[in-house]
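Undergrad: Just so it is clear, I am handing over data08.txt, which has compact mmCIF, C-alpha atoms.
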# COMPACT_ATOMS: atom_id res chain seq x y z
CA MET A 270 54.38 15.35 18.75
CA ALA A 271 54.17 15.93 15.01
CA ALA A 272 55.57 12.48 14.44
CA ILE A 273 52.81 11.01 16.61
CA VAL A 274 49.77 13.18 15.71
CA LEU A 275 50.15 13.29 11.96
CA PRO A 276 50.09 9.50 11.45
CA GLU A 277 47.06 9.22 13.76
CA ALA A 278 45.24 11.94 11.80
CA ALA A 279 46.11 10.20 8.57
CA LEU A 280 44.76 6.90 9.92
CA ALA A 281 41.54 8.60 11.00
CA ASP A 282 41.10 10.18 7.58
CA ALA A 283 41.74 6.83 5.93
CA ALA A 284 39.15 5.15 8.18
CA LEU A 285 36.56 7.82 7.31
CA ALA A 286 37.30 7.39 3.63
CA ASP A 287 36.86 3.61 3.95
CA ASP A 288 33.56 4.09 5.80
CA ALA A 289 32.31 6.47 3.10
CA ALA A 290 33.35 4.05 0.36
CA ASP A 291 31.58 1.18 2.13
CA TRP A 292 28.43 3.30 2.55
CA LEU A 293 28.42 4.28 -1.13
CA HIS A 294 29.09 0.68 -2.14
CA GLY A 295 25.83 -0.30 -0.36
CA ILE A 296 23.69 1.90 -2.65
CA THR A 297 21.54 -0.12 -5.05
CA VAL A 298 19.53 0.83 -8.15
CA ALA A 299 16.52 -1.21 -9.27
CA GLY A 300 13.83 -0.89 -11.91
CA GLN A 301 10.46 -2.59 -12.27
CA VAL A 302 7.63 -2.51 -14.81
CA GLU A 303 4.07 -3.85 -14.53
CA GLY A 304 1.30 -3.91 -17.09
CA GLY A 305 -2.02 -5.70 -17.31
CA ILE A 306 -5.64 -5.88 -18.39
CA ASN A 307 -8.83 -6.51 -16.41
CA ALA A 308 -11.68 -7.77 -18.60
CA ASN A 309 -15.35 -7.31 -17.72
CA PRO A 310 -17.85 -9.17 -19.95
CA ALA A 311 -20.66 -6.79 -18.87
CA ARG A 312 -18.84 -3.90 -20.62
CA PRO A 313 -19.92 -1.04 -18.31
CA ALA A 314 -20.76 2.11 -20.27
CA ASN A 315 -18.51 4.31 -18.12
CA GLY A 316 -15.61 1.93 -18.78
CA VAL A 317 -14.89 1.36 -15.07
CA ASN A 318 -14.89 -1.83 -12.99
CA PHE A 319 -16.76 -0.62 -9.92
CA GLY A 320 -14.89 -0.85 -6.61
CA GLN A 321 -11.49 -1.58 -8.17
CA PHE A 322 -8.50 0.76 -8.23
CA PHE A 323 -5.82 -1.32 -9.95
CA GLY A 324 -7.14 -2.62 -13.25
CA ASP A 325 -10.10 -0.26 -12.89
CA ARG A 326 -10.47 0.40 -16.64
CA ALA A 327 -12.61 -2.41 -18.04
CA ASN A 328 -11.24 -4.27 -21.08
CA GLN A 329 -8.33 -1.85 -21.53
CA ALA A 330 -4.67 -2.85 -21.38
CA GLN A 331 -2.58 -0.39 -19.42
CA LEU A 332 0.86 0.36 -18.05
CA ASP A 333 0.28 0.09 -14.32
CA GLN A 334 3.72 0.97 -13.02
CA LEU A 335 7.17 1.87 -14.23
CA THR A 336 9.39 2.42 -11.18
CA LEU A 337 13.00 3.34 -10.50
CA THR A 338 14.38 2.92 -6.99
CA VAL A 339 17.68 4.11 -5.51
CA SER A 340 18.30 2.97 -1.94
CA ARG A 341 20.78 2.24 0.80
CA ALA A 342 19.29 -0.22 3.30
CA VAL A 343 20.02 -0.37 7.02
CA ASP A 344 20.34 -3.64 8.93
CA PRO A 345 18.25 -3.55 12.15
CA THR A 346 20.08 -6.59 13.53
CA VAL A 347 23.45 -4.82 13.68
CA GLN A 348 24.15 -3.00 16.95
CA GLN A 349 25.68 0.16 15.53
CA MET A 350 24.33 3.42 14.19
CA GLN A 351 23.45 3.28 10.50
CA VAL A 352 22.08 5.80 8.02
CA GLY A 353 20.29 4.85 4.82
CA PHE A 354 17.66 6.14 2.41
CA LEU A 355 15.10 5.13 -0.20
CA LEU A 356 14.03 7.19 -3.20
CA ARG A 357 11.44 5.81 -5.63
CA GLY A 358 9.73 7.35 -8.63
CA LEU A 359 6.68 5.80 -10.31
CA TYR A 360 4.92 6.48 -13.60
CA GLY A 361 1.74 4.71 -14.64
CA ALA A 362 -1.99 4.26 -14.11
CA ASP A 363 -1.58 3.23 -10.45
CA GLY A 364 -0.17 6.67 -9.68
CA ARG A 365 -3.72 8.14 -9.81
CA TYR A 366 -4.56 6.47 -6.51
CA PHE A 367 -1.28 6.83 -4.58
CA ASN A 368 -0.62 10.47 -5.34
CA ILE A 369 0.15 13.07 -2.66
CA ALA A 370 -1.58 16.45 -2.73
CA GLY A 371 0.82 19.38 -2.86
CA ILE A 372 3.75 17.26 -4.11
CA THR A 373 2.94 15.44 -7.35
CA ASP A 374 -0.86 15.62 -7.73
CA ARG A 375 -0.71 18.42 -10.32
CA ALA A 376 2.36 17.18 -12.21
CA ILE A 377 0.27 15.05 -14.61
CA THR A 378 -3.53 14.73 -14.39
CA SER A 379 -4.13 12.28 -17.24
CA ARG A 380 -4.51 8.50 -16.93
CA TYR A 381 -0.78 7.87 -16.50
CA GLN A 382 0.60 9.94 -13.66
CA PHE A 383 3.99 10.47 -12.00
CA ILE A 384 4.35 10.14 -8.24
CA ILE A 385 7.08 9.79 -5.62
CA PRO A 386 5.68 6.99 -3.44
CA GLN A 387 8.76 6.88 -1.21
CA ALA A 388 11.51 9.39 -0.42
CA HIS A 389 12.76 8.93 3.11
CA LEU A 390 15.85 8.99 5.30
CA ASP A 391 16.37 5.86 7.42
CA VAL A 392 18.29 5.79 10.70
CA HIS A 393 19.04 2.78 12.90
CA LEU A 394 20.03 3.62 16.48
CA PRO A 395 21.53 0.93 18.75
CA LEU A 396 19.48 2.05 21.76
CA MET A 397 17.58 0.14 24.46
CA ARG A 398 19.26 -3.21 23.77
CA HIS A 399 17.45 -4.19 20.56
CA GLY A 400 17.58 -0.87 18.73
CA LEU A 401 15.34 1.78 17.23
CA ASP A 402 14.58 2.44 13.54
CA ILE A 403 13.35 5.83 12.30
CA GLN A 404 12.07 6.77 8.84
CA ALA A 405 11.26 10.37 7.91
CA GLY A 406 10.02 11.85 4.64
CA ILE A 407 7.50 10.50 2.12
CA LEU A 408 6.43 7.10 3.43
CA SER A 409 4.16 4.30 2.28
CA SER A 410 1.55 3.35 4.85
CA PRO A 411 2.55 0.34 6.99
CA MET A 412 -1.11 -0.60 7.58
CA GLY A 413 -2.73 -3.56 5.87
CA VAL A 414 -1.74 -6.73 4.05
CA GLU A 415 -1.53 -5.53 0.43
CA SER A 416 1.05 -3.16 -1.02
CA LEU A 417 1.51 -0.76 -3.93
CA ASP A 418 4.48 -2.88 -5.04
CA PRO A 419 3.02 -5.73 -7.16
CA ALA A 420 5.94 -7.99 -6.20
CA LEU A 421 4.78 -7.83 -2.56
CA ARG A 422 1.12 -8.79 -3.03
CA PRO A 423 -0.52 -11.96 -4.39
CA PHE A 424 -3.07 -10.44 -6.83
CA TYR A 425 -3.33 -7.86 -9.56
CA THR A 426 -6.42 -6.27 -7.99
CA LEU A 427 -6.79 -5.07 -4.40
CA SER A 428 -9.28 -5.90 -1.67
CA TYR A 429 -11.97 -3.41 -0.60
CA THR A 430 -10.25 -3.26 2.78
CA THR A 431 -6.97 -2.12 1.24
CA GLU A 432 -8.63 0.43 -1.02
CA TYR A 433 -11.12 2.04 1.34
CA SER A 434 -10.09 1.23 4.93
CA THR A 435 -6.30 1.58 4.96
CA PRO A 436 -4.27 4.71 4.14
CA PHE A 437 -1.78 4.80 1.26
CA GLU A 438 0.89 7.54 1.53
CA HIS A 439 2.16 10.01 4.14
CA VAL A 440 4.53 12.88 4.73
CA GLY A 441 5.90 12.40 8.24
CA ALA A 442 7.91 10.03 10.40
CA MET A 443 7.57 6.43 11.62
CA VAL A 444 9.43 4.79 14.50
CA GLN A 445 9.93 1.06 15.02
CA TRP A 446 11.16 0.24 18.51
CA HIS A 447 12.49 -3.31 18.79
CA LEU A 448 11.30 -4.26 22.29
CA THR A 449 12.54 -7.85 22.01
CA SER A 450 13.85 -10.06 19.23
CA HIS A 451 10.21 -10.93 18.42
CA LEU A 452 8.18 -7.83 19.38
CA ASP A 453 8.23 -4.29 17.93
CA ALA A 454 6.33 -1.16 18.93
CA LEU A 455 5.27 1.08 16.03
CA PHE A 456 4.28 4.74 16.20
CA GLY A 457 4.43 7.81 13.99
CA ILE A 458 2.99 11.17 13.01
CA ASP A 459 2.16 12.69 9.61
CA THR A 460 0.15 15.37 7.83
CA GLY A 461 -2.66 12.97 6.91
CA ASN A 462 -3.42 10.36 4.27
CA GLN A 463 -2.04 11.52 0.88
CA VAL A 464 -1.81 15.20 1.81
CA SER A 465 1.17 17.43 2.63
CA PHE A 466 1.34 21.10 3.67
CA GLY A 467 -0.35 24.38 2.79
CA LYS A 468 -2.67 24.06 -0.19
CA GLY A 469 -1.67 20.40 -0.37
CA ASP A 470 -3.45 19.70 2.93
CA ASN A 471 -7.19 19.18 3.30
CA ASN A 472 -7.39 20.21 6.98
CA ASP A 473 -5.17 21.78 9.62
CA ALA A 474 -4.55 18.79 11.92
CA PRO A 475 -2.03 15.92 11.91
CA ALA A 476 -2.69 12.18 12.23
CA GLY A 477 -0.62 9.31 13.56
CA TYR A 478 -0.07 5.60 14.12
CA PHE A 479 0.38 3.29 17.08
CA GLY A 480 0.66 -0.49 17.21
CA LEU A 481 2.59 -3.69 17.81
CA ALA A 482 4.16 -6.28 15.50
CA ALA A 483 5.11 -9.77 16.66
CA THR A 484 7.19 -12.14 14.52
CA GLY A 485 8.72 -15.57 14.95
CA LEU A 486 5.87 -16.90 17.12
CA ALA A 487 4.80 -20.57 17.25
CA GLY A 488 8.23 -21.81 16.33
CA GLY A 489 8.69 -19.16 13.66
CA ARG A 490 5.45 -19.97 11.84
CA LEU A 491 3.24 -17.10 13.07
CA SER A 492 3.44 -13.32 12.71
CA VAL A 493 0.80 -10.83 13.95
CA THR A 494 0.49 -7.05 13.48
CA TYR A 495 -1.97 -4.57 14.96
CA LEU A 496 -1.93 -0.96 13.79
CA GLY A 497 -4.25 1.81 14.88
CA ARG A 498 -4.44 5.28 13.43
CA VAL A 499 -6.30 8.41 14.49
CA GLY A 500 -6.61 11.92 13.10
CA PRO A 501 -8.85 14.12 10.91
CA GLU A 502 -8.85 12.98 7.28
CA ASP A 503 -11.81 14.84 5.77
CA SER A 504 -11.60 18.07 3.79
CA VAL A 505 -12.48 21.54 5.10
CA ARG A 506 -13.87 22.28 1.63
CA ALA A 507 -16.42 19.49 2.10
CA LEU A 508 -17.24 19.67 5.84
CA GLY A 509 -16.23 23.17 6.89
CA ASN A 510 -14.09 23.86 9.97
CA ARG A 511 -15.35 20.78 11.82
CA ALA A 512 -13.11 18.74 9.49
CA ASN A 513 -10.17 19.92 11.64
CA SER A 514 -11.48 18.09 14.71
CA ALA A 515 -13.64 15.27 13.29
CA GLN A 516 -11.47 12.21 13.87
CA ARG A 517 -11.13 9.14 11.70
CA PHE A 518 -10.26 5.98 13.65
CA TRP A 519 -8.58 3.14 11.72
CA ASN A 520 -7.95 -0.30 13.22
CA ASP A 521 -6.27 -3.15 11.36
CA LEU A 522 -5.26 -6.57 12.73
CA SER A 523 -3.51 -9.09 10.49
CA GLY A 524 -1.71 -12.38 10.97
CA THR A 525 0.05 -14.97 8.83
CA PHE A 526 0.53 -18.64 9.73
CA LYS A 527 2.79 -20.99 7.76
CA PHE A 528 1.42 -24.52 7.95
CA THR A 529 4.33 -25.80 5.87
CA ASP A 530 7.09 -24.25 3.79
CA ARG A 531 4.64 -24.28 0.86
CA PHE A 532 1.25 -23.56 2.43
CA SER A 533 0.31 -20.42 4.37
CA ALA A 534 -2.81 -18.53 5.42
CA THR A 535 -3.29 -14.83 6.19
CA ALA A 536 -6.25 -13.16 7.88
CA GLU A 537 -7.08 -9.46 8.22
CA LEU A 538 -9.75 -7.74 10.33
CA ASN A 539 -10.44 -4.04 9.89
CA LEU A 540 -12.70 -1.46 11.53
CA LEU A 541 -12.97 2.22 10.52
CA HIS A 542 -15.07 5.02 12.00
CA ASP A 543 -15.21 8.51 10.49
CA ALA A 544 -16.77 11.06 12.83
CA GLY A 545 -16.95 13.74 10.13
CA LEU A 546 -18.88 11.60 7.67
CA HIS A 547 -20.75 9.65 10.39
CA ALA A 548 -19.61 6.57 8.49
CA ASN A 549 -18.34 3.13 9.46
CA THR A 550 -16.76 0.21 7.63
CA TYR A 551 -15.83 -3.20 8.94
CA SER A 552 -14.39 -6.14 7.07
CA ALA A 553 -12.70 -9.52 7.16
CA VAL A 554 -10.29 -10.78 4.50
CA GLY A 555 -8.69 -14.22 4.22
CA TYR A 556 -5.83 -15.32 1.97
CA LEU A 557 -4.50 -18.78 1.12
CA SER A 558 -1.23 -19.43 -0.70
CA TYR A 559 0.17 -22.75 -1.90
CA GLN A 560 3.49 -23.10 -3.70
CA VAL A 561 3.07 -25.90 -6.23
CA SER A 562 6.66 -25.70 -7.43
CA SER A 563 9.59 -23.32 -7.39
CA SER A 564 7.99 -21.39 -10.25
CA LEU A 565 4.23 -21.67 -9.58
CA THR A 566 2.09 -20.44 -6.66
CA LEU A 567 -1.70 -20.66 -6.32
CA ASN A 568 -3.58 -17.96 -4.38
CA ALA A 569 -7.11 -17.39 -3.10
CA ARG A 570 -8.71 -14.38 -1.40
CA GLY A 571 -12.15 -14.07 0.18
CA GLU A 572 -13.60 -10.90 1.67
CA ILE A 573 -16.72 -9.52 3.33
CA TYR A 574 -16.78 -5.73 3.52
CA ARG A 575 -19.52 -3.49 4.97
CA ASP A 576 -19.90 0.17 4.01
CA ASP A 577 -22.80 1.27 6.21
CA THR A 578 -23.45 4.64 4.51
CA GLY A 579 -22.28 4.19 0.93
CA LEU A 580 -19.90 7.13 1.39
CA LEU A 581 -16.64 5.16 1.37
CA VAL A 582 -16.84 2.71 -1.55
CA THR A 583 -16.55 4.89 -4.64
CA SER A 584 -15.39 4.54 -8.22
CA PHE A 585 -13.42 7.51 -9.54
CA ILE A 586 -14.38 8.11 -13.16
CA ALA A 587 -12.18 11.07 -14.10
CA ASP A 588 -8.42 10.53 -14.19
CA ASP A 589 -7.81 13.11 -11.44
CA ALA A 590 -11.00 12.31 -9.50
CA TYR A 591 -9.31 10.51 -6.58
CA MET A 592 -7.08 13.42 -5.60
CA ARG A 593 -9.78 16.03 -6.23
CA SER A 594 -12.06 14.08 -3.89
CA THR A 595 -9.30 13.94 -1.27
CA LEU A 596 -9.13 17.75 -1.35
CA GLY A 597 -12.93 18.13 -1.35
CA GLN A 598 -13.13 19.41 -4.93
CA PRO A 599 -16.00 18.51 -7.30
CA THR A 600 -15.31 15.72 -9.78
CA ARG A 601 -16.81 12.64 -11.51
CA THR A 602 -17.38 9.68 -9.21
CA GLN A 603 -19.89 6.86 -8.82
CA SER A 604 -21.14 5.52 -5.49
CA ALA A 605 -23.67 2.94 -4.32
CA PRO A 606 -26.07 2.88 -1.36
CA ALA A 607 -25.06 1.26 1.92
CA THR A 608 -23.82 -2.18 0.85
CA THR A 609 -22.28 -5.34 2.24
CA TYR A 610 -19.81 -6.56 -0.38
CA GLY A 611 -18.63 -10.11 -0.86
CA ALA A 612 -15.65 -10.83 -3.08
CA LEU A 613 -13.81 -14.00 -4.08
CA THR A 614 -10.57 -13.93 -6.09
CA LEU A 615 -8.67 -16.96 -7.42
CA GLY A 616 -5.29 -16.59 -9.07
CA ALA A 617 -1.90 -18.03 -9.87
CA THR A 618 1.60 -16.60 -10.03
CA TRP A 619 4.08 -18.03 -12.49
CA HIS A 620 7.52 -16.79 -11.48
CA PRO A 621 10.36 -18.60 -13.28
CA THR A 622 13.98 -17.63 -12.67
CA LEU A 623 15.26 -16.00 -15.85
CA GLY A 624 18.70 -15.00 -14.61
CA HIS A 625 20.78 -11.85 -15.00
CA PRO A 626 19.84 -9.08 -15.65
CA VAL A 627 16.21 -10.01 -14.87
CA LYS A 628 15.79 -10.18 -11.09
CA LEU A 629 12.05 -10.85 -11.17
CA PHE A 630 9.47 -12.09 -13.64
CA GLU A 631 5.84 -12.79 -12.71
CA LEU A 632 2.77 -13.57 -14.78
CA ARG A 633 -0.44 -13.43 -12.70
CA PRO A 634 -3.86 -14.41 -14.09
CA GLU A 635 -6.89 -14.03 -11.81
CA ILE A 636 -10.65 -14.44 -11.84
CA ARG A 637 -12.74 -12.36 -9.46
CA PHE A 638 -16.42 -12.25 -8.54
CA ASP A 639 -17.90 -9.37 -6.50
CA ARG A 640 -21.47 -9.33 -5.23
CA SER A 641 -23.75 -7.21 -3.10
CA LEU A 642 -24.94 -9.33 -0.19
CA ASN A 643 -27.87 -7.07 0.71
CA GLY A 644 -29.61 -6.65 -2.66
CA THR A 645 -28.18 -3.32 -3.85
CA HIS A 646 -26.96 -2.83 -7.45
CA PRO A 647 -23.51 -1.20 -7.26
CA PHE A 648 -21.89 -2.83 -10.32
CA ASN A 649 -21.78 -2.18 -14.06
CA ASP A 650 -23.32 1.31 -14.18
CA LEU A 651 -25.40 0.57 -11.04
CA ARG A 652 -27.32 -2.14 -12.94
CA ASN A 653 -26.16 -5.41 -11.37
CA THR A 654 -25.83 -7.03 -7.95
CA GLY A 655 -22.68 -8.85 -9.11
CA GLN A 656 -19.60 -8.35 -11.26
CA PHE A 657 -17.19 -10.81 -12.92
CA THR A 658 -13.70 -9.66 -13.92
CA PHE A 659 -10.85 -11.61 -15.50
CA GLY A 660 -7.44 -10.02 -15.04
CA ILE A 661 -3.83 -10.72 -15.87
CA ASP A 662 -0.68 -8.71 -15.30
CA ALA A 663 3.04 -9.16 -15.84
CA VAL A 664 5.82 -7.88 -13.59
CA LEU A 665 9.43 -7.52 -14.73
CA GLY A 666 12.18 -6.39 -12.37
CA PHE A 667 15.83 -5.51 -12.99
Would you put the structure from the file into structure tokens?
TA:
Amino acid sequence: MAAIVLPEAALADAALADDAADWLHGITVAGQVEGGINANPARPANGVNFGQFFGDRANQAQLDQLTLTVSRAVDPTVQQMQVGFLLRGLYGADGRYFNIAGITDRAITSRYQFIIPQAHLDVHLPLMRHGLDIQAGILSSPMGVESLDPALRPFYTLSYTTEYSTPFEHVGAMVQWHLTSHLDALFGIDTGNQVSFGKGDNNDAPAGYFGLAATGLAGGRLSVTYLGRVGPEDSVRALGNRANSAQRFWNDLSGTFKFTDRFSATAELNLLHDAGLHANTYSAVGYLSYQVSSSLTLNARGEIYRDDTGLLVTSFIADDAYMRSTLGQPTRTQSAPATTYGALTLGATWHPTLGHPVKLFELRPEIRFDRSLNGTHPFNDLRNTGQFTFGIDAVLGF
């Protein structure tokens, strides 16, 4: 028996050691840096480009992001159980808007802040034929077209829809159930948009997602995603105890169609209703992208966005104003009356291949014009119906 069992035990130990070595070998480390400037010829006295989060400081160069990511990805196409993770730290001006109360919001309160935008455990389960993927921890919101990662979005600045009608960060769990090879069901639960637990929460109720994502349609040229979200998001400090039951309903539908390998179009429709604020927003955003060459892509974005109370579209003047507002604390902000916003952004991305060790290089100039379509004056210290900005950023990844 000893002659039989001991070799089998040794083989099992060797197999476990090989599996552990393979798992560790799959861990990757990546760094990325982004910096830019967003010029405004009107030179607003408060120094802020109204309605813009990224590149919000007019005529001031800034470090937007310096990130370090350690991860071990899972492959959802493999029919076996897998465990992975993603841990990302970020330092820069963009951290002011993607912070999480109770975790990193008090670490640094100046213009450049440190955040942990992602820190989650990933599990792939080979269940129900096509599998199930679970992420738990600090998660980036899956809703909307544009992302915190500059390498995953076409412009330096963000749309109104992304800024004011989609959530940013969560502490919770998301599940992606692969119903077929082309259709996924999405659902999840979390503590709320950019809040955590205890004093880091702004009310006592959770929120969650539900939706569907379809890919590979129309011969592989079309993908469509609908995500809904419901839960209280307002602060008890601002609304009292009714903030615990006043629901915010988010709805976002987006789709991308590839006309050719070089030319694609994306559309996004969004509707938000906040019962606590008695506020509504609705918007439509369209994107066009044309790859001129292997190193040059042209992009265009057009948007119409309605804020029917003036309570959602806000510029945050103080460096910690965004998170203080999330928690219902007094701070320096600037808002406009109920306004229908129109915005047009034209830009280009120059992305040559530089070779090892540079994995990514992008230079992205853009010109943007925002205008009130109903005669209000939200821009440039509440003086103008319109606002021109000229931005450029550079992204370097290793």
Undergrad: Can you pull out the residues contacting range 520-537 of chain A? Cut-off 6 Å, using only C-alpha atoms, and skip same-chain residues under 2 positions away; I want them as number ranges by chain.
TA: A: 490-497, 539-540, 553-560
Undergrad: Find the residues around range 470-474 of chain A up to 8 Å (all atoms listed in the file counted), leave out those fewer than 6 positions away in its own chain, and share them as a list in words.
TA: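 Close residues of range 470-474 of chain A: Ala370, Gly371, Thr460, Gly461, Val464, Gly500, Pro501, Glu502, Asp503, Ser504, Val505, Arg506, Ala512, Asn513, Ser514, Thr595, Leu596 and Gly597 of chain A.
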Undergrad: Find the residues near range 386-396 of chain A: any atom within 8 Å, counting all atoms listed in the file, skip ones fewer than 5 places away on the same chain, and give them as a PyMOL selection string.
TA: chain A and resi 342-345+347-359+367-368+401-409+438
Undergrad: Could you please determine the separation between CA of Glu432 in chain A and CA of Thr583 in chain A in Å, to one decimal place?
TA: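 Spanning CA of Glu432 in chain A to CA of Thr583 in chain A is a straight-line distance of 9.8 Å.
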Undergrad: Which one is closest to Thr426 in chain A: A:Leu651, A:Leu337, A:Ala308, A:Ile385? Count only C-alpha atoms.
TA: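 Going through A:Leu651, A:Leu337, A:Ala308, A:Ile385 one by one, the smallest distance to Thr426 in chain A is for A:Ala308.
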Undergrad: One decimal, Å: what's the distance from CA of Leu332 in chain A over to CA of Gln382 in chain A, could you say?
TA: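 Atom-to-atom, CA of Leu332 in chain A to CA of Gln382 in chain A, that is 10.5 Å.
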Undergrad: Can you pull out every residue within 12 Å of Thr622 in chain A, counting all atoms listed in the file, but drop anything in the same chain fewer than 4 positions away, and send it as a PDB file with C-alpha atoms, keeping the file's coordinate frame?
TA:
ATOM      1  CA  SER A 563       9.590 -23.320  -7.390  1.00  0.00           C
ATOM      2  CA  SER A 564       7.990 -21.390 -10.250  1.00  0.00           C
ATOM      3  CA  LEU A 565       4.230 -21.670  -9.580  1.00  0.00           C
ATOM      4  CA  PRO A 626      19.840  -9.080 -15.650  1.00  0.00           C
ATOM      5  CA  VAL A 627      16.210 -10.010 -14.870  1.00  0.00           C
ATOM      6  CA  LYS A 628      15.790 -10.180 -11.090  1.00  0.00           C
ATOM      7  CA  LEU A 629      12.050 -10.850 -11.170  1.00  0.00           C
ATOM      8  CA  PHE A 630       9.470 -12.090 -13.640  1.00  0.00           C
ATOM      9  CA  GLU A 631       5.840 -12.790 -12.710  1.00  0.00           C
ATOM     10  CA  LEU A 665       9.430  -7.520 -14.730  1.00  0.00           C
ATOM     11  CA  GLY A 666      12.180  -6.390 -12.370  1.00  0.00           C
TER      12      GLY A 666
END
Undergrad: Separation of CA of Thr645 in chain A and CA of Thr609 in chain A, in Å?
TA: 8.7 Å
Undergrad: Just want the 10 Å neighbourhood of Asn653 in chain A, counted on only C-alpha atoms, with same-chain residues fewer than 6 positions away dropped. Output as a PyMOL selection string.
TA: chain A and resi 311+640-641+644-647
Undergrad: Please determine, counting all atoms listed in the file, which residue among A:Asp543, A:Asp588, A:Asp288, A:Asp453 has the shortest atom-to-atom distance to Thr484 in chain A.
TA: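 The answer is A:Asp453, which sits nearest to Thr484 in chain A.
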Undergrad: Of the candidates A:Thr373, A:Asn307, A:Thr336, A:Gln463, which one gets nearest to Ser594 in chain A if we count all atoms listed in the file?
TA: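 Distance minimum relative to Ser594 in chain A lands on A:Gln463.
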Undergrad: Please return, as a list in words, all polymer residues that have at least one atom within 8 Å of the point (-2.5, 1.1, -10.5); use only C-alpha atoms and the file's own coordinate frame.
TA: Phe322, Phe323, Gly324, Asp333, Gln334, Gly361, Ala362, Asp363, Gly364, Arg365, Tyr366 and Leu417 of chain A
Undergrad: So, counting all atoms listed in the file, which residue among A:Phe319, A:Tyr610, A:Trp292, A:Trp446 is closest to Ile573 in chain A?
TA: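 So, comparing all the options, the nearest one is A:Tyr610.
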Undergrad: Using all atoms listed in the file, what table do you get, as a Markdown table, when you list each residue of range 563-620 of chain A with an atom no more than 6 Å from range 547-550 of chain A, its nearest pair of atoms, and their distance in Å rounded to one decimal, rows by chain then rising number?
TA:
| residue | atom | partner | partner_atom | distance |
| --- | --- | --- | --- | --- |
| A:Arg575 | CA | A:Thr550 | CA | 5.3 |
| A:Asp576 | CA | A:Thr550 | CA | 4.8 |
| A:Asp577 | CA | A:Asn549 | CA | 5.8 |
| A:Thr578 | CA | A:Ala548 | CA | 5.9 |
Undergrad: Could you check the closest approach to His625 in chain A for each of A:Phe456, A:Phe667, A:Trp519, A:Tyr360 and tell me which residue wins, using all atoms listed in the file?
TA: A:Phe667
Undergrad: Pick out the closest residue to Ala454 in chain A from this set: A:Leu293, A:Ala442, A:Met412, A:Leu481. Count all atoms listed in the file.
TA: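 Closest candidate: A:Leu481.
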